[in-house]
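S.K.: Okay, here's the structure, questions in a sec.
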Amino acid sequence: MGVTAAGYARGLVAGDQCVGVAHEEINNTGASAAKSVRVMTVGDIEHSISGATVADVGRAVYASADDTLTFSPDGNSFVGRVKHWLTGAKCVVRLGADGPALQHVNHHAAGFTLTAALSGTLHTNLGASGAIVATLPQSPPAGISYRFVCMADQELRLEPGAAGGLYVKGAKQADDKYVSVTDIGDFIELVADGNGDWLAAASINGADADITVEA
């Protein structure tokens with residue numbers, strides 16, 4: 001179950017905040033909020049996840065659509081973590097099982113797109129053989145944040161899109177211009193300011209020159 005930007009429940013659409021699993025199907029053909037739905041927000045569910053094996057116990061699980069779970073965070077919504085592997089693709093998933101001391105770490109060998117529902121996650125370029133692009137959400141709410149760390153000696157580009165720019169290296173960079181880090185251990189934490197732009201709240205491991213701005 002997801003929620004719209006206006007705060008109404010709906011069958012989850014990739015990128016929504018996942019608020020749990022509906023106890024029953026509710027068909028609302030009337031005005032928004034004309035009906036209510038009971039939602040299970042904590043606990044365990046049994047569900048199929050494509051490609052799941054016993055090695056995936058503890059792994060973060062995302063929803064790419066209503067009733068479709070995946071291990072890919074790209075553009076999707078965090079749901080919970082694999083508690084048990086049962087058989088084939090079937091697993092027991094614990095809802096919202098992130099915990100206060102746990103951060104979701106996602107490795108990317110190719111470009112990926114972030115959503116507001118993935119706020120608080122960490123992303124690396126481990127496995128990349130060339131430059132990859134992390135596309136940030138457009139016009140995100142204030143406080144949305146992500147961390148990026150180079151784990152391969154390849155360019156990791158952070159693309160704000162046409163509607164936003166990044167505050168880094170002593171200035172606001174031009175809208176729709178990516179910034180990138182390349183050396184292993186270099187990092188940037190970006191926080192949305194609520195006006196469509198991004199603040200580098202923390203950055204780099206080496207010299208300021210390690211951050212490159214698109215010409």
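Each chain in the structure tokens gets a letter, A, B and so on, in the order shown; residues start at 1 in every chain, and ligands are counted from 1 in the order they appear.
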Could you pull the residues within 7 Å of Val93 of chain A, counting only C-alpha atoms, minus those fewer than 2 positions along the same chain, as a VMD selection string?
M.R.: chain A and resid 44 to 46 80 to 83 91 95
S.K.: Do you know which residues are at most 7 Å from segment 135-139 of chain A counting only C-alpha atoms, after dropping those on the same chain fewer than 6 positions away, and could you put them as a CSV table (one decimal) with N, CA and C atoms, in the first residue's frame?
M.R.:
chain,number,residue,atom,x,y,z
A,112,PHE,N,21.2,4.6,-12.4
A,112,PHE,CA,20.0,4.3,-11.7
A,112,PHE,C,19.2,5.6,-11.3
A,113,THR,N,17.9,5.4,-11.0
A,113,THR,CA,17.1,6.6,-10.7
A,113,THR,C,16.6,6.5,-9.3
A,114,LEU,N,16.7,7.6,-8.5
A,114,LEU,CA,16.3,7.6,-7.2
A,114,LEU,C,14.9,8.2,-7.0
A,115,THR,N,14.2,7.8,-6.0
A,115,THR,CA,12.8,8.4,-5.6
A,115,THR,C,12.9,8.9,-4.2
A,116,ALA,N,11.9,9.7,-3.8
A,116,ALA,CA,11.8,10.2,-2.5
A,116,ALA,C,11.7,9.0,-1.5
A,158,LEU,N,26.2,12.6,-10.4
A,158,LEU,CA,25.0,12.9,-9.6
A,158,LEU,C,24.2,13.9,-10.4
A,159,GLU,N,23.1,13.5,-11.0
A,159,GLU,CA,22.4,14.4,-12.0
A,159,GLU,C,21.1,15.0,-11.3
A,160,PRO,N,21.1,16.3,-11.2
A,160,PRO,CA,19.9,16.9,-10.5
A,160,PRO,C,18.7,17.1,-11.4
A,161,GLY,N,18.9,17.0,-12.7
A,161,GLY,CA,17.8,17.3,-13.7
A,161,GLY,C,17.6,18.7,-14.0
A,163,ALA,N,15.4,20.9,-13.4
A,163,ALA,CA,14.7,21.8,-12.5
A,163,ALA,C,15.6,22.1,-11.2
A,195,ASN,N,13.4,23.6,-2.5
A,195,ASN,CA,13.2,24.5,-3.6
A,195,ASN,C,13.6,23.9,-4.9
A,196,GLY,N,13.8,22.6,-4.9
A,196,GLY,CA,14.3,21.9,-6.1
A,196,GLY,C,15.8,21.7,-6.3
S.K.: Using only C-alpha atoms, which of the listed residues (A:Leu69, A:Val133, A:Ile188, A:Ala33) sits closest to Ala52 of chain A?
M.R.: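 Among the listed residues, the smallest separation from Ala52 of chain A belongs to A:Leu69.
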S.K.: Take atom CA of Tyr167 of chain A and atom CA of Thr124 of chain A and report the distance between them in Å, one decimal.
M.R.: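 For atom CA of Tyr167 of chain A relative to atom CA of Thr124 of chain A, the distance reads 20.7 Å.
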S.K.: Check segment 26-118 of chain A with DSSP on the backbone and list each residue it calls helix (DSSP H, G or I), as a PDB file with N, CA and C atoms, in the first residue's frame.
M.R.:
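The result, written out as out.pdb:
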ATOM      1  N   VAL A  54      18.446 -18.586  -0.692  1.00  0.00           N
ATOM      2  CA  VAL A  54      18.717 -18.565   0.743  1.00  0.00           C
ATOM      3  C   VAL A  54      19.770 -17.520   1.094  1.00  0.00           C
ATOM      4  N   ALA A  55      20.629 -17.177   0.142  1.00  0.00           N
ATOM      5  CA  ALA A  55      21.674 -16.177   0.388  1.00  0.00           C
ATOM      6  C   ALA A  55      21.112 -14.768   0.549  1.00  0.00           C
ATOM      7  N   ASP A  56      19.825 -14.580   0.245  1.00  0.00           N
ATOM      8  CA  ASP A  56      19.222 -13.246   0.312  1.00  0.00           C
ATOM      9  C   ASP A  56      18.617 -12.909   1.670  1.00  0.00           C
ATOM     10  N   ALA A 116      11.878   9.670  -3.847  1.00  0.00           N
ATOM     11  CA  ALA A 116      11.796  10.179  -2.477  1.00  0.00           C
ATOM     12  C   ALA A 116      11.665   9.046  -1.469  1.00  0.00           C
ATOM     13  N   ALA A 117      11.046   7.930  -1.885  1.00  0.00           N
ATOM     14  CA  ALA A 117      10.864   6.797  -0.982  1.00  0.00           C
ATOM     15  C   ALA A 117      12.180   6.144  -0.595  1.00  0.00           C
ATOM     16  N   LEU A 118      13.260   6.435  -1.327  1.00  0.00           N
ATOM     17  CA  LEU A 118      14.574   5.857  -1.033  1.00  0.00           C
ATOM     18  C   LEU A 118      15.428   6.797  -0.190  1.00  0.00           C
TER      19      LEU A 118
END
S.K.: With distances taken over only C-alpha atoms, which of A:Ser129, A:Thr53, A:Asp210, A:Gly170 is nearest to Thr87 of chain A?
M.R.: A:Thr53
S.K.: Which of these, A:Ala131, A:Leu199, A:Val37, A:Ala31, has the shortest distance to Gly143 of chain A once you count only C-alpha atoms?
M.R.: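 Result for the nearest residue to Gly143 of chain A: A:Leu199.
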S.K.: If we count only C-alpha atoms, what is near Arg94 of chain A at a cut-off of 12 Å, once residues fewer than 6 positions away on the same chain are taken out, given as a ChimeraX atom specification?
M.R.: /A:20-21,40-47,57-62,78-85
